[in-house]
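S.K.: Mind having a look at this structure? Questions to follow.
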Amino acid sequence: MKILVIGGTRFFGIHMVNDLLSKGHDVTIATRGNISDSYGNRVNRIIIERTNEQNMINTLSNSYYDVVIDKIAYCSNDIKYVMESVNCNKYIHMSSTAVYEPKHMNTVESDFDGVSKELVWCDRKDFSYGEVKRQAECALWQEYWDRNWIAVRYPFVIGDDDYTKRLAFYVEHTIKSIPMDIDNLDSQMGFIRSDEAGKFMAFLVDQDIRGAINGSSEGTISIREIIEYVEKKTGAKAVVDKTGEKAPYNGESEYRINTEKARALGFRFSVLQDWIYKLLDYYIQGVN
């Protein structure tokens with residue numbers, strides 16, 4: 001297939017592109033050209049300005065793609081700019097479980113209603129991250145309901161290539177006894193491994209579905225469990241204090257993401273407990 005990837009030059013986007021290439025797809029990546037990549041001559045490249053509507057129209061309107069995978073659409077205007085400019089058979093939007101208000105145990109796709117919520121045409125800085133992602137989906141559900149699209153919802157994506165260093169924050173602060181302000185020590189939370197996040201996006205290229213779909217590793221873990229593992233491995237003692245640095249996952253409610261819809265398609269996510277401790281070991285080694 002002829003596939004356009006908007007973004008795809010870092011983190012799990014790299015896993016996704018490499019998987020698409022391994023399956024023989026003709027891949028074009030569209031970026032601002034500011035980040036180098038390792039794909040060599042295996043991909044085509046075009047330069048776009050994602051938040052400029054006229055630039056998107058000028059760059060994309062005269063071409064056709066079987067599938068467009070949009071890794072960097074954050075808000076409703078981002079959705080409009082690509083939908084009004086590109087000609088494709090399928091559009092895959094990188095959404096987020098942040099659309100759920102709030103996430104909870106056994107969060108299913110129907111828990112967010114993109115049809116009834118008022119659509120506001122907005123830019124990325126107009127609202128919080130969760131709200132602009134909700135508005136992006138509202139645009140799909142309300143303005144482009146007749147188009148062939150998928151909205152992929154992930155919780156926090158983690159891995160040894162995670163540039164956000166959010167999980168690493170807990171490891172480093174525990175080992176160095178740097179005070180942390182944590183407001184949800186015992187909340188069970190879900191994650192997805194970066195390589196699986198990329199492979200699932202590539203998997204959806206060939207699937208005959210429409211609408212929203214969750215992706216997440218099976219199982220959950222709490223911040224307390226993460227910290228206690230680091231303490232046991234290193235002999236360090238975490239300092240949890242409200243005067244400390246605010247922790248990255250603060251404000252997250254207890255939740256588990258339901259992935260039955262993905263399993264029905266034949267995709268099985270890994271079990272979180274099978275790999276997260278190896279990832280913590282990797283971060284521990286990086287501190288010591």
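All residue names refer to the structure tokens as shown: chains lettered A, B, ... in order, residues numbered from 1 in each chain, ligands numbered from 1 in order.
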Name all residues at most 7 Å from A:Ala139 (count only C-alpha atoms; drop same-chain ones fewer than 4 positions away) and give them as a ChimeraX atom specification.
M.R.: /A:76,79,119,135,143-144
S.K.: So that I can check the surroundings of A:Gly251, please list as a VMD selection string every protein, DNA and RNA residue that reaches within 12 Å of it, counting only C-alpha atoms and ignoring chain neighbours fewer than 4 positions away.
M.R.: chain A and resid 98 102 to 103 181 to 185 187 189 246 to 247 255
S.K.: Write the residues of the preceding selection, restricted to C-alpha atoms, as a PDB file, in the first residue's frame.
M.R.:
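selection31.pdb written:
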```pdb
ATOM      1  CA  ALA A  98      -6.772  11.189  27.797  1.00  0.00           C
ATOM      2  CA  PRO A 102     -11.870  10.231  33.504  1.00  0.00           C
ATOM      3  CA  LYS A 103     -10.232   6.887  32.777  1.00  0.00           C
ATOM      4  CA  ASP A 181       5.303  15.091  45.427  1.00  0.00           C
ATOM      5  CA  ILE A 182       3.115  12.132  44.410  1.00  0.00           C
ATOM      6  CA  ASP A 183      -0.675  12.351  44.727  1.00  0.00           C
ATOM      7  CA  ASN A 184      -1.636   8.860  43.516  1.00  0.00           C
ATOM      8  CA  LEU A 185       0.791   6.361  45.024  1.00  0.00           C
ATOM      9  CA  SER A 187      -3.674   4.116  41.925  1.00  0.00           C
ATOM     10  CA  MET A 189      -2.498   2.478  36.035  1.00  0.00           C
ATOM     11  CA  LYS A 246       5.712  17.189  41.299  1.00  0.00           C
ATOM     12  CA  ALA A 247       5.676  13.701  39.808  1.00  0.00           C
ATOM     13  CA  TYR A 255      -7.704   2.841  35.588  1.00  0.00           C
TER      14      TYR A 255
END
```
S.K.: Would you please work out which residue, of A:Leu204, A:Val43, A:Val239, A:Ile276, is nearest to A:Leu167 when using only C-alpha atoms?
M.R.: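 Of the candidates, the smallest distance to A:Leu167 is held by A:Ile276.
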S.K.: Which polymer residues have any atom within 7 Å of an atom of stretch 58-70 of chain A, counting only C-alpha atoms, with same-chain residues fewer than 6 positions away left out, as a PyMOL selection string?
M.R.: chain A and resi 1-7+48+85-94+205
S.K.: Dump C-alpha atoms for the selected residues as a tab-separated table (two decimals), in the first residue's frame?
M.R.:
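For reference, part.tsv as written:
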```tsv
chain	number	residue	atom	x	y	z
A	1	MET	CA	0.00	0.00	0.00
A	2	LYS	CA	0.94	3.61	-0.47
A	3	ILE	CA	1.08	5.09	3.04
A	4	LEU	CA	1.63	8.64	4.24
A	5	VAL	CA	2.91	8.98	7.81
A	6	ILE	CA	2.59	12.45	9.30
A	7	GLY	CA	5.34	12.44	11.91
A	48	ILE	CA	4.92	20.19	5.69
A	85	SER	CA	-6.30	18.50	2.02
A	86	VAL	CA	-5.42	14.82	1.68
A	87	ASN	CA	-7.10	12.23	-0.52
A	88	CYS	CA	-6.97	8.78	1.06
A	89	ASN	CA	-8.95	5.59	1.55
A	90	LYS	CA	-8.24	5.33	5.30
A	91	TYR	CA	-7.14	7.82	7.96
A	92	ILE	CA	-5.60	6.60	11.24
A	93	HIS	CA	-5.48	9.21	13.99
A	94	MET	CA	-3.15	8.94	16.99
A	205	VAL	CA	-3.48	-0.51	8.21
```
S.K.: Choose the residue, out of A:Arg50, A:Arg147, A:Lys176, A:Arg134, that has the smallest atom-to-atom separation from A:Thr31; count only C-alpha atoms.
M.R.: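 When distances to A:Thr31 are compared using only C-alpha atoms, the smallest one comes from A:Arg50.
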S.K.: Can you check which residues of stretch 90-256 of chain A DSSP gives as strand (DSSP E or B) on the backbone and send them as a list of chain:residue names?
M.R.: A:Lys90, A:Tyr91, A:Ile92, A:His93, A:Met94, A:Thr107, A:Trp149, A:Ile150, A:Ala151, A:Val152, A:Arg153, A:Phe156, A:Val157, A:Ile158, A:Met180, A:Asp181, A:Met189, A:Phe191, A:Ile192, A:Arg193, A:Gly211, A:Ala212, A:Ile213, A:Asn214, A:Glu218, A:Ile221, A:Val240, A:Glu245, A:Lys246
S.K.: Okay, now the selection with C-alpha atoms, as a PDB file, in the first residue's frame?
M.R.:
```pdb
ATOM      1  CA  LYS A  90      -8.244   5.334   5.299  1.00  0.00           C
ATOM      2  CA  TYR A  91      -7.145   7.821   7.961  1.00  0.00           C
ATOM      3  CA  ILE A  92      -5.596   6.601  11.244  1.00  0.00           C
ATOM      4  CA  HIS A  93      -5.482   9.213  13.993  1.00  0.00           C
ATOM      5  CA  MET A  94      -3.154   8.936  16.990  1.00  0.00           C
ATOM      6  CA  THR A 107     -12.313   1.716  30.316  1.00  0.00           C
ATOM      7  CA  TRP A 149     -11.083   6.610   9.933  1.00  0.00           C
ATOM      8  CA  ILE A 150      -9.698   4.974  13.083  1.00  0.00           C
ATOM      9  CA  ALA A 151      -8.830   6.783  16.325  1.00  0.00           C
ATOM     10  CA  VAL A 152      -6.215   4.844  18.313  1.00  0.00           C
ATOM     11  CA  ARG A 153      -6.258   5.482  22.056  1.00  0.00           C
ATOM     12  CA  PHE A 156       1.254   6.346  28.650  1.00  0.00           C
ATOM     13  CA  VAL A 157       3.734   4.866  26.175  1.00  0.00           C
ATOM     14  CA  ILE A 158       6.986   3.786  27.814  1.00  0.00           C
ATOM     15  CA  MET A 180       8.827  13.720  45.126  1.00  0.00           C
ATOM     16  CA  ASP A 181       5.303  15.091  45.427  1.00  0.00           C
ATOM     17  CA  MET A 189      -2.498   2.478  36.035  1.00  0.00           C
ATOM     18  CA  PHE A 191       0.871   1.511  30.113  1.00  0.00           C
ATOM     19  CA  ILE A 192       1.877   0.334  26.658  1.00  0.00           C
ATOM     20  CA  ARG A 193       5.366  -0.597  25.461  1.00  0.00           C
ATOM     21  CA  GLY A 211     -14.092   4.394  14.868  1.00  0.00           C
ATOM     22  CA  ALA A 212     -12.154   4.310  18.121  1.00  0.00           C
ATOM     23  CA  ILE A 213      -9.975   1.484  19.413  1.00  0.00           C
ATOM     24  CA  ASN A 214      -7.933   1.103  22.608  1.00  0.00           C
ATOM     25  CA  GLU A 218      -2.491  -6.209  29.795  1.00  0.00           C
ATOM     26  CA  ILE A 221       0.799  -1.277  38.228  1.00  0.00           C
ATOM     27  CA  VAL A 240       7.695  11.271  49.170  1.00  0.00           C
ATOM     28  CA  GLU A 245       9.125  17.934  42.767  1.00  0.00           C
ATOM     29  CA  LYS A 246       5.712  17.189  41.299  1.00  0.00           C
TER      30      LYS A 246
END
```
S.K.: Looking only at the backbone, which of the residues in stretch 173-243 of chain A does DSSP tag as helix (DSSP H, G or I), as an mmCIF file with N, CA and C atoms, in the first residue's frame?
M.R.:
```cif
data_model
loop_
_atom_site.group_PDB
_atom_site.id
_atom_site.type_symbol
_atom_site.label_atom_id
_atom_site.label_comp_id
_atom_site.auth_asym_id
_atom_site.auth_seq_id
_atom_site.Cartn_x
_atom_site.Cartn_y
_atom_site.Cartn_z
ATOM 1 N N HIS A 173 14.746 9.739 41.091
ATOM 2 C CA HIS A 173 14.455 10.430 42.344
ATOM 3 C C HIS A 173 14.503 9.479 43.537
ATOM 4 N N THR A 174 14.095 8.228 43.328
ATOM 5 C CA THR A 174 14.174 7.250 44.416
ATOM 6 C C THR A 174 15.622 6.949 44.769
ATOM 7 N N ILE A 175 16.435 6.665 43.772
ATOM 8 C CA ILE A 175 17.836 6.306 44.013
ATOM 9 C C ILE A 175 18.607 7.461 44.655
ATOM 10 N N SER A 194 6.571 0.810 23.915
ATOM 11 C CA SER A 194 6.731 1.623 22.708
ATOM 12 C C SER A 194 6.760 0.805 21.424
ATOM 13 N N ASP A 195 7.422 -0.350 21.438
ATOM 14 C CA ASP A 195 7.476 -1.127 20.202
ATOM 15 C C ASP A 195 6.100 -1.669 19.830
ATOM 16 N N GLU A 196 5.310 -2.067 20.837
ATOM 17 C CA GLU A 196 3.957 -2.557 20.560
ATOM 18 C C GLU A 196 3.039 -1.432 20.114
ATOM 19 N N ALA A 197 3.253 -0.246 20.652
ATOM 20 C CA ALA A 197 2.447 0.900 20.231
ATOM 21 C C ALA A 197 2.649 1.157 18.745
ATOM 22 N N GLY A 198 3.897 1.044 18.283
ATOM 23 C CA GLY A 198 4.164 1.231 16.865
ATOM 24 C C GLY A 198 3.623 0.107 16.016
ATOM 25 N N LYS A 199 3.792 -1.129 16.473
ATOM 26 C CA LYS A 199 3.339 -2.276 15.691
ATOM 27 C C LYS A 199 1.817 -2.337 15.583
ATOM 28 N N PHE A 200 1.113 -1.916 16.629
ATOM 29 C CA PHE A 200 -0.347 -1.949 16.561
ATOM 30 C C PHE A 200 -0.861 -0.935 15.542
ATOM 31 N N MET A 201 -0.232 0.236 15.487
ATOM 32 C CA MET A 201 -0.623 1.229 14.481
ATOM 33 C C MET A 201 -0.424 0.648 13.084
ATOM 34 N N ALA A 202 0.700 -0.019 12.858
ATOM 35 C CA ALA A 202 0.969 -0.619 11.553
ATOM 36 C C ALA A 202 -0.008 -1.756 11.266
ATOM 37 N N PHE A 203 -0.360 -2.511 12.283
ATOM 38 C CA PHE A 203 -1.316 -3.615 12.161
ATOM 39 C C PHE A 203 -2.667 -3.112 11.660
ATOM 40 N N LEU A 204 -3.093 -1.945 12.126
ATOM 41 C CA LEU A 204 -4.416 -1.422 11.788
ATOM 42 C C LEU A 204 -4.554 -1.017 10.323
ATOM 43 N N VAL A 205 -3.446 -0.862 9.638
ATOM 44 C CA VAL A 205 -3.482 -0.515 8.212
ATOM 45 C C VAL A 205 -4.328 -1.513 7.424
ATOM 46 N N ASP A 206 -4.255 -2.778 7.793
ATOM 47 C CA ASP A 206 -4.930 -3.842 7.039
ATOM 48 C C ASP A 206 -6.265 -4.271 7.639
ATOM 49 N N ILE A 223 2.317 3.350 41.290
ATOM 50 C CA ILE A 223 3.584 4.046 41.523
ATOM 51 C C ILE A 223 4.268 3.478 42.768
ATOM 52 N N ARG A 224 3.493 3.125 43.770
ATOM 53 C CA ARG A 224 4.098 2.523 44.968
ATOM 54 C C ARG A 224 4.847 1.244 44.616
ATOM 55 N N GLU A 225 4.253 0.402 43.779
ATOM 56 C CA GLU A 225 4.912 -0.839 43.376
ATOM 57 C C GLU A 225 6.196 -0.557 42.612
ATOM 58 N N ILE A 226 6.178 0.466 41.765
ATOM 59 C CA ILE A 226 7.371 0.852 41.006
ATOM 60 C C ILE A 226 8.475 1.305 41.956
ATOM 61 N N ILE A 227 8.123 2.158 42.884
ATOM 62 C CA ILE A 227 9.106 2.684 43.825
ATOM 63 C C ILE A 227 9.657 1.581 44.719
ATOM 64 N N GLU A 228 8.791 0.710 45.212
ATOM 65 C CA GLU A 228 9.247 -0.369 46.093
ATOM 66 C C GLU A 228 10.189 -1.318 45.371
ATOM 67 N N TYR A 229 9.966 -1.535 44.080
ATOM 68 C CA TYR A 229 10.884 -2.380 43.312
ATOM 69 C C TYR A 229 12.258 -1.715 43.223
ATOM 70 N N VAL A 230 12.279 -0.420 42.942
ATOM 71 C CA VAL A 230 13.550 0.299 42.840
ATOM 72 C C VAL A 230 14.270 0.292 44.183
ATOM 73 N N GLU A 231 13.525 0.493 45.261
ATOM 74 C CA GLU A 231 14.128 0.471 46.601
ATOM 75 C C GLU A 231 14.750 -0.888 46.896
ATOM 76 N N LYS A 232 14.025 -1.952 46.565
ATOM 77 C CA LYS A 232 14.520 -3.302 46.829
ATOM 78 C C LYS A 232 15.770 -3.608 46.016
ATOM 79 N N LYS A 233 15.801 -3.167 44.766
ATOM 80 C CA LYS A 233 16.939 -3.449 43.878
ATOM 81 C C LYS A 233 18.180 -2.645 44.247
ATOM 82 N N THR A 234 17.985 -1.457 44.794
ATOM 83 C CA THR A 234 19.115 -0.541 44.986
ATOM 84 C C THR A 234 19.456 -0.274 46.444
#
```
S.K.: Could you jot down the atom CA of A:Asp78 to atom CA of A:Met56 separation for me, Å, one decimal place?
M.R.: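 Answer for the atom CA of A:Asp78 to atom CA of A:Met56 separation: 9.9 Å.
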S.K.: Excluding same-chain residues fewer than 3 positions from A:His104, what lies within 12 Å of it counting only C-alpha atoms, as a compact mmCIF listing (two decimals) with N, CA and C atoms, in the first residue's frame?
M.R.:
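Written file, part.txt:
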```txt
# COMPACT_ATOMS: atom_id res chain seq x y z
N THR A 97 -5.90 7.92 25.45
CA THR A 97 -6.89 7.61 26.48
C THR A 97 -7.17 8.83 27.34
N ALA A 98 -6.46 9.93 27.10
CA ALA A 98 -6.77 11.19 27.80
C ALA A 98 -8.15 11.72 27.40
N VAL A 99 -8.76 11.18 26.35
CA VAL A 99 -10.10 11.62 25.97
C VAL A 99 -11.15 11.19 26.99
N TYR A 100 -10.85 10.15 27.76
CA TYR A 100 -11.83 9.67 28.73
C TYR A 100 -11.90 10.62 29.93
N GLU A 101 -13.10 10.88 30.41
CA GLU A 101 -13.31 11.86 31.48
C GLU A 101 -14.02 11.26 32.69
N THR A 107 -11.94 0.64 31.23
CA THR A 107 -12.31 1.72 30.32
C THR A 107 -12.48 1.16 28.90
N VAL A 108 -13.68 1.32 28.35
CA VAL A 108 -13.97 0.82 27.00
C VAL A 108 -14.17 2.00 26.05
N GLU A 109 -14.09 1.71 24.76
CA GLU A 109 -14.13 2.76 23.74
C GLU A 109 -15.38 3.63 23.83
N ASP A 111 -16.87 4.73 26.26
CA ASP A 111 -16.90 5.63 27.42
C ASP A 111 -16.65 7.09 27.03
N PHE A 112 -16.14 7.33 25.84
CA PHE A 112 -16.06 8.71 25.34
C PHE A 112 -17.00 8.85 24.16
N PRO A 155 -2.73 4.68 26.54
CA PRO A 155 -2.33 5.35 27.78
C PRO A 155 -0.88 5.79 27.64
N SER A 187 -2.78 4.25 43.07
CA SER A 187 -3.67 4.12 41.93
C SER A 187 -3.07 3.13 40.92
N GLN A 188 -3.84 2.12 40.54
CA GLN A 188 -3.40 1.20 39.51
C GLN A 188 -3.55 1.87 38.15
N MET A 189 -2.49 1.80 37.33
CA MET A 189 -2.50 2.48 36.03
C MET A 189 -2.00 1.54 34.93
N GLY A 190 -2.41 1.84 33.71
CA GLY A 190 -2.00 1.05 32.57
C GLY A 190 -0.96 1.76 31.73
N THR A 220 -2.02 -3.85 35.18
CA THR A 220 -1.75 -2.50 35.71
C THR A 220 -0.66 -2.56 36.77
N GLU A 252 -3.52 11.37 37.72
CA GLU A 252 -4.10 10.22 37.03
C GLU A 252 -4.95 9.41 38.00
N SER A 253 -6.17 9.12 37.58
CA SER A 253 -7.05 8.28 38.39
C SER A 253 -6.66 6.82 38.22
N GLU A 254 -7.22 5.96 39.07
CA GLU A 254 -6.99 4.53 38.90
C GLU A 254 -7.73 4.04 37.67
N TYR A 255 -7.06 3.27 36.82
CA TYR A 255 -7.70 2.84 35.59
C TYR A 255 -7.08 1.58 35.02
N ARG A 256 -7.85 0.94 34.19
CA ARG A 256 -7.37 -0.16 33.35
C ARG A 256 -8.05 -0.03 32.00
N ILE A 257 -7.28 -0.12 30.92
CA ILE A 257 -7.80 0.06 29.57
C ILE A 257 -8.23 -1.29 28.99
N ASN A 258 -9.48 -1.37 28.59
CA ASN A 258 -10.02 -2.59 27.99
C ASN A 258 -9.57 -2.70 26.53
```
S.K.: Quick one, how far is atom CA of A:Ile29 from atom CA of A:Ile47?
M.R.: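 Distance between the two atoms: 8.5 Å.
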S.K.: Measure the distance from atom CA of A:Asn41 to atom CA of A:Glu84 in Å and round it to one decimal.
M.R.: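 Atom-to-atom, atom CA of A:Asn41 to atom CA of A:Glu84, that is 29.3 Å.
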S.K.: At a cut-off of 8 Å, using only C-alpha atoms, what residues contact A:Phe11? Leave out same-chain residues fewer than 4 positions from it and give the result as a list in words.
M.R.: His15, Asp161, Asp162, Tyr163 and Ser194 of chain A
